[in-house]
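J.: Questions regarding the structure given below will be posed in turn.
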Amino acid sequence: MTTGRAMAGGRIRVLIVDDSALVRGLLAEIINRQPDMACIGAAADPLAAREMIRNLNPDVITLDVEMPRMDGIDFLSRLMRLRPMPVVMVSTLTERGAEVTLRALELGAVDFVSKPKLDVAAGINDLAAEIVTKVKSAASAKLRPPLATRPTPATPSTTVTQPIANATHKIIAIGASTGGTEALKTVLAQMPSDSPGIVIVQHMPEQFTKAFAERLDCLTRLSVSEARDGDRVLPGHALLAPGNQHMEVLRSGAEYRVRVASFERVNHHRPSVDVLFNSVSKVAGARALGVILTGMGRDGGAG
């Protein structure tokens, strides 16, 4: 499938790169159903994709992680150095898939979609709305330079004359969605080690949040971990809501603890930023700070 630019008629022009013919067909069908999008090509490997990029000049690429001849990460790294463009990664819901996808975001990919290991056809069709939203967001995204060329955030002084907090009664609650992983890294990397306790909801599948928390823990002065039910909210610590579970903050005597639970989705999300923000507002009020970094849909607006 190598239809040229004239076919698109002003729509978002998408090139699909995936070694699975089934996935290529499903993604093309989802994209072509949208009145403002068009699949202009589909490549089975990065080498074929390279020629299509030259000839078709797509607006957005969807890129599989694991492919023959050259894996998606190597291809993405070269692409972002030589011809940066919006890329949405398509990765399998596995622990390795999570690690590789986080690396892709560091290299400059705008976002990712997680395809299931089993019953791929049904799974991808269930994700149609998410795929469309993320491709549209990618088309209008401001591209970041690759990690190696980005300026290093200013390092706060290790001598803190006036600590931000020295007790558990102050809380920073952060919500993020599309593009949020890199935004969170930028924000948390500049936080001092004695910052108020931080609680975070990042829209992300359950297989990804543990790996993401571990990566943040290595890159910041804070102690960052995937939240477990009953964890205390402490200064210098950040708790990331587990994928597919809501996180709330509850008062427990003189301290705060988190409740992690899998009740119904809110605003089509679990975890939901609104669930976290509403709980923090209830127990901490003016002693809390709420921060929205990025969004998808309405989640977090009311909270």
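As shown in the structure tokens, the chain order sets the letters A, B, ...; within each chain, residues go from 1, and ligands are also counted from 1 in the order they appear.
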Set the distance at 12 Å and use only C-alpha atoms: which residues neighbour Ala109 of chain A once local chain neighbours fewer than 3 positions away are removed? I'd like the list as a compact mmCIF listing (two decimals) with N, CA and C atoms, in the first residue's frame.

T.:
# COMPACT_ATOMS: atom_id res chain seq x y z
N VAL A 60 2.59 11.42 10.43
CA VAL A 60 2.78 10.61 11.65
C VAL A 60 3.16 9.20 11.23
N ILE A 61 4.02 8.57 12.04
CA ILE A 61 4.36 7.16 11.84
C ILE A 61 3.90 6.37 13.06
N THR A 62 3.27 5.22 12.85
CA THR A 62 3.10 4.25 13.93
C THR A 62 4.19 3.20 13.75
N LEU A 63 4.91 2.91 14.82
CA LEU A 63 6.12 2.09 14.71
C LEU A 63 6.10 0.94 15.70
N ASP A 64 6.19 -0.28 15.19
CA ASP A 64 6.30 -1.46 16.03
C ASP A 64 7.67 -1.47 16.71
N VAL A 65 7.75 -2.09 17.87
CA VAL A 65 9.01 -2.14 18.61
C VAL A 65 9.91 -3.26 18.09
N GLY A 72 12.67 -1.54 16.17
CA GLY A 72 12.06 -0.23 16.16
C GLY A 72 12.87 0.83 16.88
N ILE A 73 13.58 0.45 17.95
CA ILE A 73 14.35 1.42 18.71
C ILE A 73 15.53 1.94 17.89
N PHE A 75 15.75 2.01 14.66
CA PHE A 75 15.18 2.83 13.58
C PHE A 75 14.75 4.19 14.11
N LEU A 76 14.09 4.22 15.26
CA LEU A 76 13.63 5.48 15.85
C LEU A 76 14.81 6.40 16.15
N SER A 77 15.87 5.82 16.71
CA SER A 77 17.05 6.62 17.05
C SER A 77 17.63 7.29 15.80
N LEU A 79 16.00 7.81 12.93
CA LEU A 79 15.00 8.72 12.37
C LEU A 79 15.03 10.07 13.08
N MET A 80 15.11 10.05 14.41
CA MET A 80 15.07 11.30 15.17
C MET A 80 16.34 12.13 14.99
N PRO A 84 13.53 14.09 12.03
CA PRO A 84 12.55 14.00 13.14
C PRO A 84 11.12 14.19 12.64
N MET A 85 10.23 13.34 13.13
CA MET A 85 8.81 13.44 12.83
C MET A 85 8.01 12.76 13.93
N PRO A 86 6.72 13.06 14.06
CA PRO A 86 5.92 12.45 15.12
C PRO A 86 5.79 10.94 14.96
N VAL A 87 6.09 10.22 16.04
CA VAL A 87 6.04 8.76 16.04
C VAL A 87 5.21 8.28 17.23
N VAL A 88 4.29 7.38 16.96
CA VAL A 88 3.54 6.68 18.01
C VAL A 88 4.00 5.23 18.01
N MET A 89 4.59 4.79 19.12
CA MET A 89 5.08 3.41 19.21
C MET A 89 3.92 2.44 19.42
N VAL A 90 4.06 1.25 18.87
CA VAL A 90 3.08 0.18 19.09
C VAL A 90 3.85 -0.97 19.72
N VAL A 100 11.31 -1.13 26.74
CA VAL A 100 11.69 -0.65 25.41
C VAL A 100 10.86 0.58 25.04
N THR A 101 9.59 0.58 25.40
CA THR A 101 8.74 1.71 25.08
C THR A 101 9.18 2.97 25.82
N LEU A 102 9.55 2.83 27.08
CA LEU A 102 10.04 3.98 27.84
C LEU A 102 11.32 4.53 27.20
N ARG A 103 12.16 3.64 26.69
CA ARG A 103 13.36 4.09 25.98
C ARG A 103 12.97 4.85 24.71
N ALA A 104 11.93 4.38 24.02
CA ALA A 104 11.48 5.06 22.81
C ALA A 104 10.99 6.47 23.12
N LEU A 105 10.29 6.64 24.23
CA LEU A 105 9.83 7.97 24.62
C LEU A 105 11.01 8.89 24.91
N GLU A 106 12.06 8.34 25.51
CA GLU A 106 13.26 9.13 25.76
C GLU A 106 13.92 9.58 24.45
N PHE A 112 2.63 6.10 22.89
CA PHE A 112 2.63 4.68 22.56
C PHE A 112 1.24 4.10 22.71
N VAL A 113 1.00 3.02 21.98
CA VAL A 113 -0.21 2.21 22.12
C VAL A 113 0.24 0.80 22.42
N LYS A 134 -4.37 9.32 19.92
CA LYS A 134 -2.92 9.50 20.06
C LYS A 134 -2.27 9.87 18.73
N VAL A 135 -2.77 9.35 17.63
CA VAL A 135 -2.23 9.75 16.33
C VAL A 135 -2.54 11.22 16.06
N SER A 137 -3.07 13.54 18.33
CA SER A 137 -2.23 14.34 19.23
C SER A 137 -0.81 14.42 18.71
N ALA A 138 -0.31 13.30 18.19
CA ALA A 138 1.06 13.28 17.67
C ALA A 138 1.22 14.23 16.49
N ALA A 139 0.19 14.30 15.65
CA ALA A 139 0.28 15.14 14.45
C ALA A 139 0.48 16.61 14.79
N ALA A 141 1.86 17.60 17.80
CA ALA A 141 2.81 17.69 18.90
C ALA A 141 4.04 18.49 18.50
N LYS A 142 4.59 19.19 19.48
CA LYS A 142 5.87 19.86 19.29
C LYS A 142 6.96 18.84 19.58
N LEU A 143 7.77 18.53 18.59
CA LEU A 143 8.77 17.49 18.75
C LEU A 143 9.87 17.92 19.70
N ARG A 144 10.29 16.99 20.57
CA ARG A 144 11.42 17.24 21.46
C ARG A 144 12.69 16.77 20.78
N PRO A 145 13.82 17.42 21.04
CA PRO A 145 15.08 16.88 20.55
C PRO A 145 15.38 15.57 21.24
N PRO A 146 16.16 14.67 20.61
CA PRO A 146 16.53 13.41 21.27
C PRO A 146 17.20 13.68 22.61
N LEU A 147 17.09 12.71 23.51
CA LEU A 147 17.57 12.86 24.88
C LEU A 147 19.01 13.34 24.93
N THR A 178 -1.20 11.67 27.83
CA THR A 178 -0.38 11.64 26.62
C THR A 178 0.79 12.60 26.74
N GLY A 179 2.00 12.10 26.51
CA GLY A 179 3.20 12.94 26.62
C GLY A 179 3.66 13.16 28.04
N GLY A 180 2.97 12.57 29.01
CA GLY A 180 3.27 12.86 30.41
C GLY A 180 4.53 12.23 30.95
N THR A 181 4.99 11.14 30.35
CA THR A 181 6.15 10.46 30.92
C THR A 181 7.38 11.36 30.89
N GLU A 182 7.61 12.04 29.79
CA GLU A 182 8.76 12.93 29.71
C GLU A 182 8.53 14.20 30.52

J.: Contacts of Asp18 of chain A at 8 Å or less, counting only C-alpha atoms, minus same-chain residues fewer than 5 places along, as a list in words?

T.: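 Residues near the query, excluding close chain neighbours: Val23, Arg24, Ala42, Ala43, Ala44, Asp45, Leu63, Asp64 and Met67 of chain A.
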
J.: Residues of segment 157-223 of chain A in strand (DSSP E) according to DSSP, as a PyMOL selection string?

T.: chain A and resi 171-176+197-202+223

J.: Could you write out that same residue set with C-alpha atoms as a compact mmCIF listing (two decimals), in the first residue's frame?

T.:
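Output below, filename selection18.txt:
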# COMPACT_ATOMS: atom_id res chain seq x y z
CA ILE A 171 0.87 16.99 49.40
CA ILE A 172 1.58 17.56 45.71
CA ALA A 173 -0.83 15.67 43.44
CA ILE A 174 0.13 15.35 39.76
CA GLY A 175 -1.96 14.13 36.84
CA ALA A 176 -0.61 13.32 33.37
CA GLY A 197 5.02 13.95 49.48
CA ILE A 198 3.99 13.51 45.86
CA VAL A 199 1.19 11.31 44.49
CA ILE A 200 0.92 10.78 40.74
CA VAL A 201 -1.56 9.39 38.25
CA GLN A 202 -0.09 8.82 34.79
CA SER A 223 12.37 8.02 46.28

J.: Please, which residues of segment 175-239 of chain A, numbered as in this document, come out alpha helix (DSSP H) from DSSP, as a VMD selection string?

T.: chain A and resid 180 to 189 206 to 219

J.: Set the distance at 12 Å and use only C-alpha atoms: which residues neighbour His203 of chain A once local chain neighbours fewer than 4 positions away are removed? I'd like the list as an MDAnalysis selection string.

T.: chainID A and resid 111:113 130 174:181 184 207:209 212 240:246 267:274 293:297 299:300

J.: Give me, please, the distance in Å between atom CA of Arg54 of chain A and atom CA of Arg78 of chain A, quoted to one decimal.

T.: 14.0 Å

J.: As an exercise, work out the distance from atom CA of His169 of chain A to atom CA of Val187 of chain A in Å and give it to one decimal place.

T.: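 Rounded to one decimal, the two atoms are 21.2 Å apart.
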
J.: Using only C-alpha atoms for the distances, tell me which of A:Asp74, A:Ala286, A:Leu239, A:Val249 is nearest to Leu107 of chain A.

T.: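 Checking each of A:Asp74, A:Ala286, A:Leu239, A:Val249 against Leu107 of chain A, counting only C-alpha atoms, the winner is A:Asp74.
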